[in-house]
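Trainee: So here's query01.txt, just compact mmCIF, C-alpha atoms:
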```txt
# COMPACT_ATOMS: atom_id res chain seq x y z
CA MET A 1 121.04 62.83 101.78
CA THR A 2 123.44 65.51 103.00
CA ARG A 3 122.63 68.59 105.06
CA SER A 4 123.76 71.98 103.81
CA SER A 5 125.36 74.22 106.32
CA PRO A 6 123.62 77.51 107.17
CA ILE A 7 126.64 79.43 105.81
CA CYS A 8 126.29 77.78 102.37
CA ILE A 9 122.59 78.56 102.29
CA ALA A 10 123.24 82.21 103.21
CA LEU A 11 125.89 82.52 100.48
CA VAL A 12 123.60 81.05 97.84
CA ALA A 13 120.76 83.33 98.92
CA ALA A 14 123.03 86.38 98.78
CA ALA A 15 124.33 85.42 95.33
CA CYS A 16 120.77 85.00 93.99
CA SER A 17 119.58 88.27 95.50
CA HIS A 18 118.47 90.87 92.98
CA GLY A 19 118.87 93.79 95.35
CA PRO A 20 121.74 96.25 95.37
CA PRO A 21 125.01 95.28 97.06
CA PRO A 22 125.44 96.39 100.68
CA ASP A 23 127.97 99.10 99.73
CA PHE A 24 125.71 100.64 97.05
CA ALA A 25 125.22 104.35 97.83
CA PRO A 26 123.89 107.38 95.97
CA ASP A 27 126.23 109.83 94.29
CA PRO A 28 127.03 112.55 96.89
CA GLY A 29 126.72 115.23 94.18
CA LEU A 30 123.19 114.02 93.39
CA VAL A 31 122.26 113.92 97.09
CA GLU A 32 123.32 117.58 97.43
CA GLN A 33 120.94 118.53 94.62
CA ILE A 34 117.87 116.84 96.16
CA ARG A 35 115.53 119.40 97.74
CA GLU A 36 112.42 117.25 98.19
CA ILE A 37 111.07 113.67 98.04
CA ARG A 38 107.59 112.90 96.78
CA MET A 39 105.66 109.73 97.59
CA ALA A 40 102.77 108.62 95.36
CA THR A 41 100.47 105.87 96.58
CA SER A 42 96.79 104.98 96.57
CA ALA A 43 94.40 107.31 98.42
CA SER A 44 93.07 104.55 100.66
CA ALA A 45 93.94 101.08 101.89
CA CYS A 46 92.16 98.24 103.61
CA PRO A 47 93.68 96.89 106.84
CA GLY A 48 95.99 94.01 105.95
CA GLU A 49 96.26 95.07 102.29
CA THR A 50 99.59 95.37 100.47
CA PHE A 51 99.90 98.47 98.30
CA GLY A 52 102.62 100.01 96.18
CA ALA A 53 104.31 103.38 96.38
CA GLN A 54 106.53 105.35 94.02
CA TYR A 55 109.17 107.76 95.26
CA THR A 56 110.58 110.68 93.30
CA ALA A 57 113.37 113.11 94.15
CA VAL A 58 112.95 116.73 93.16
CA LEU A 59 116.30 118.36 92.34
CA ASN A 60 117.20 122.03 92.85
CA ASP A 61 116.69 122.74 89.14
CA GLY A 62 113.20 121.14 89.24
CA ALA A 63 114.26 117.91 87.52
CA LEU A 64 112.64 114.70 88.75
CA VAL A 65 114.56 111.48 89.44
CA SER A 66 112.66 108.29 90.35
CA PHE A 67 113.78 105.93 93.09
CA GLU A 68 113.98 102.53 91.38
CA SER A 69 112.84 99.33 93.07
CA ARG A 70 114.93 97.08 90.79
CA TYR A 71 118.67 96.82 90.61
CA ASP A 72 120.61 96.03 87.45
CA ARG A 73 124.32 95.41 88.00
CA GLN A 74 125.21 96.55 84.44
CA HIS A 75 123.12 99.73 84.71
CA PRO A 76 122.73 100.72 88.38
CA PRO A 77 119.99 103.29 89.02
CA ARG A 78 120.85 106.81 90.12
CA LEU A 79 118.47 106.40 93.08
CA HIS A 80 117.13 103.22 94.66
CA VAL A 81 114.43 102.68 97.31
CA SER A 82 117.12 101.19 99.55
CA PHE A 83 118.43 104.78 99.96
CA LEU A 84 115.23 105.61 101.85
CA GLU A 85 114.45 105.08 105.53
CA ARG A 86 110.75 104.15 105.53
CA ARG A 87 108.69 103.92 108.71
CA SER A 88 105.12 103.85 109.97
CA ASP A 89 103.23 102.81 113.09
CA GLU A 90 100.26 101.70 110.97
CA ALA A 91 102.01 99.87 108.10
CA THR A 92 105.09 97.74 107.42
CA PRO A 93 107.53 98.75 104.66
CA LEU A 94 108.37 95.99 102.18
CA GLU A 95 111.67 95.51 100.34
CA GLY A 96 110.63 96.81 96.91
CA GLY A 97 109.15 100.08 98.16
CA ALA A 98 105.64 98.76 98.82
CA TRP A 99 103.83 98.63 102.18
CA THR A 100 101.49 96.32 104.05
CA ALA A 101 98.80 97.99 106.14
CA ASP A 102 98.36 96.76 109.71
CA PRO A 103 95.54 94.18 109.72
CA ASP A 104 94.09 95.55 113.00
CA ALA A 105 91.36 98.01 111.98
CA LEU A 106 91.67 99.89 115.26
CA THR A 107 95.28 100.83 114.49
CA SER A 108 94.21 103.09 111.62
CA ALA A 109 90.80 104.21 112.90
CA VAL A 110 91.94 107.60 114.23
CA THR A 111 94.96 108.65 112.14
CA GLY A 112 94.68 106.54 108.99
CA PHE A 113 97.83 104.91 107.60
CA ARG A 114 100.67 107.43 108.06
CA LEU A 115 103.74 106.62 105.94
CA THR A 116 107.09 108.41 106.21
CA ALA A 117 110.13 108.20 103.93
CA SER A 118 113.44 109.98 104.56
CA LEU A 119 116.63 110.05 102.55
CA LYS A 120 119.24 108.10 104.56
CA ALA A 121 122.10 110.25 103.28
CA LYS A 122 120.23 113.48 104.14
CA PRO A 123 117.58 112.76 106.85
CA SER A 124 116.24 116.33 106.74
CA ILE A 125 114.69 115.44 103.36
CA THR A 126 111.47 113.72 104.44
CA THR A 127 108.01 113.14 103.05
CA THR A 128 104.81 111.84 104.64
CA ALA A 129 101.65 110.42 103.12
CA VAL A 130 98.39 109.56 104.88
CA LEU A 131 96.07 106.93 103.42
CA THR A 132 92.44 106.85 104.41
CA PRO A 133 91.37 103.48 105.83
CA ASP A 134 88.86 101.61 103.70
CA TYR A 135 86.92 99.11 105.79
CA THR A 136 84.60 97.85 103.03
CA CYS A 137 86.85 94.83 102.47
CA MET A 138 86.45 93.64 106.05
CA PRO A 139 83.74 91.25 107.28
CA HIS A 140 80.82 93.02 108.95
CA ALA A 141 79.51 90.28 111.23
CA PHE A 142 78.39 91.29 114.71
CA TRP A 143 78.02 88.89 117.58
CA PHE A 144 76.45 89.60 120.95
CA ARG A 145 77.06 87.43 123.99
CA GLY A 146 76.33 87.68 127.66
CA ALA A 147 74.06 90.15 129.47
CA GLY A 148 74.72 92.87 126.90
CA ALA A 149 73.11 90.73 124.20
CA PHE A 150 69.96 90.32 126.28
CA ILE A 151 69.74 94.06 126.91
CA TRP A 152 70.35 94.84 123.25
CA THR A 153 67.67 92.43 122.01
CA SER A 154 65.25 93.70 124.68
CA LEU A 155 65.78 97.28 123.51
CA LEU A 156 65.24 96.23 119.90
CA ALA A 157 62.05 94.37 120.85
CA ARG A 158 60.73 97.41 122.79
CA ALA A 159 61.49 99.74 119.90
CA GLU A 160 59.71 97.40 117.48
CA ARG A 161 56.66 97.22 119.79
CA ARG A 162 56.49 101.03 120.01
CA ARG A 163 56.76 101.31 116.26
CA SER A 164 53.92 98.85 115.70
CA LEU A 165 51.73 100.57 118.33
CA ARG A 166 52.28 103.96 116.67
CA ALA A 167 51.51 102.46 113.29
CA GLY A 168 48.34 100.90 114.69
CA ALA A 169 47.21 104.17 116.29
CA ALA A 170 47.75 106.06 113.04
CA ALA A 171 45.71 103.59 110.95
CA PRO A 172 41.93 104.19 110.71
CA ARG A 173 39.94 101.77 112.82
CA LYS A 174 37.09 99.77 111.36
CA GLN A 175 33.73 100.26 113.04
CA THR A 176 32.15 96.95 113.90
CA GLN A 177 28.44 96.63 114.46
CA GLY A 178 27.48 97.18 118.10
CA ALA A 179 30.95 98.35 119.15
CA LYS A 180 31.24 101.70 120.84
CA GLN A 181 33.57 104.34 119.44
CA PRO A 182 36.34 105.17 121.96
CA ARG A 183 36.32 108.75 123.21
```
Mind converting the file's structure to structure tokens?
Mentor:
Amino acid sequence: MTRSSPICIALVAAACSHGPPPDFAPDPGLVEQIREIRMATSASACPGETFGAQYTAVLNDGALVSFESRYDRQHPPRLHVSFLERRSDEATPLEGGAWTADPDALTSAVTGFRLTASLKAKPSITTTAVLTPDYTCMPHAFWFRGAGAFIWTSLLARAERRRSLRAGAAAPRKQTQGAKQPR
């Protein structure tokens, strides 16, 4: 059994890669025509969920050009997601244009999942999307330990006792023979 050198492994991985070559760049004439980028994604995401996004360039004449996530050497796309600088504090950008939401629910609790994409060749062209967090996919188990658990269960027990006393006071009392009616 022989060991492959790390250089050989890297070369094989690079040769099998389906992404664009490192020197692949958009046509400067096309970049000059781009006035806006649009990002389309789902309206909400669960923490830890991976979700897709589509990116479209709006040209000066109103024409739309999609940013492709695939690369074909024989027919290279006009625009590719690799031409975008994608960033977020609440999600991680993935290679094909998709994102993975931060699994920590507290990260998105206040601001949601804020996603930003900018054109690398023209950074002033930027778009932002905000996804609403959807926590229904997360487990809803609550555990109480320590003194706080005792206080919490004591409060629940007191509230239950009050509820049952009020319910008992509201119910008509049966008159038993020989018992005096309370005044």
Trainee: Provide the atom CA of A:Phe83 to atom CA of A:Gln54 distance in Å, to one decimal place.
Mentor: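 Here the two named atoms are 13.3 Å from each other.
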Trainee: If we count all atoms listed in the file and set the cut-off at 12 Å, which residues sit around stretch 68-76 of chain A, ignoring sequence neighbours fewer than 2 positions away in its own chain? Please answer as a PyMOL selection string.
Mentor: chain A and resi 17-21+24-27+52-57+65-66+78-84+94-98
Trainee: Take atom CA of A:Asp104 and atom CA of A:Arg87 and report the distance between them in Å, one decimal.
Mentor: 17.4 Å
Trainee: Give the answer as one residue: which of A:Ser88, A:Asn60, A:Gln33, A:Ser44 has the shortest atom-to-atom distance to A:Ser118, using all atoms listed in the file?
Mentor: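 Closest to A:Ser118, using all atoms listed in the file: A:Ser88.
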Trainee: Measuring between all atoms listed in the file, which one of A:Val110, A:Leu115, A:Ala121, A:Val130 shows the shortest distance to A:Pro28?
Mentor: A:Ala121
Trainee: Find, counting all atoms listed in the file, the residue in A:Gly29, A:Gly112, A:Pro139, A:Gly62 that gets nearest to A:Ala45.
Mentor: A:Gly112
Trainee: Please indicate the distance in Å from atom CA of A:Lys120 to atom CA of A:Ala40, rounded to one decimal place.
Mentor: 18.9 Å
Trainee: Determine the nearest neighbour of A:Ile125 from the options A:Ala109, A:Ala63, A:Val31, A:Gly48, counting all atoms listed in the file.
Mentor: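 Closest to A:Ile125, using all atoms listed in the file: A:Val31.
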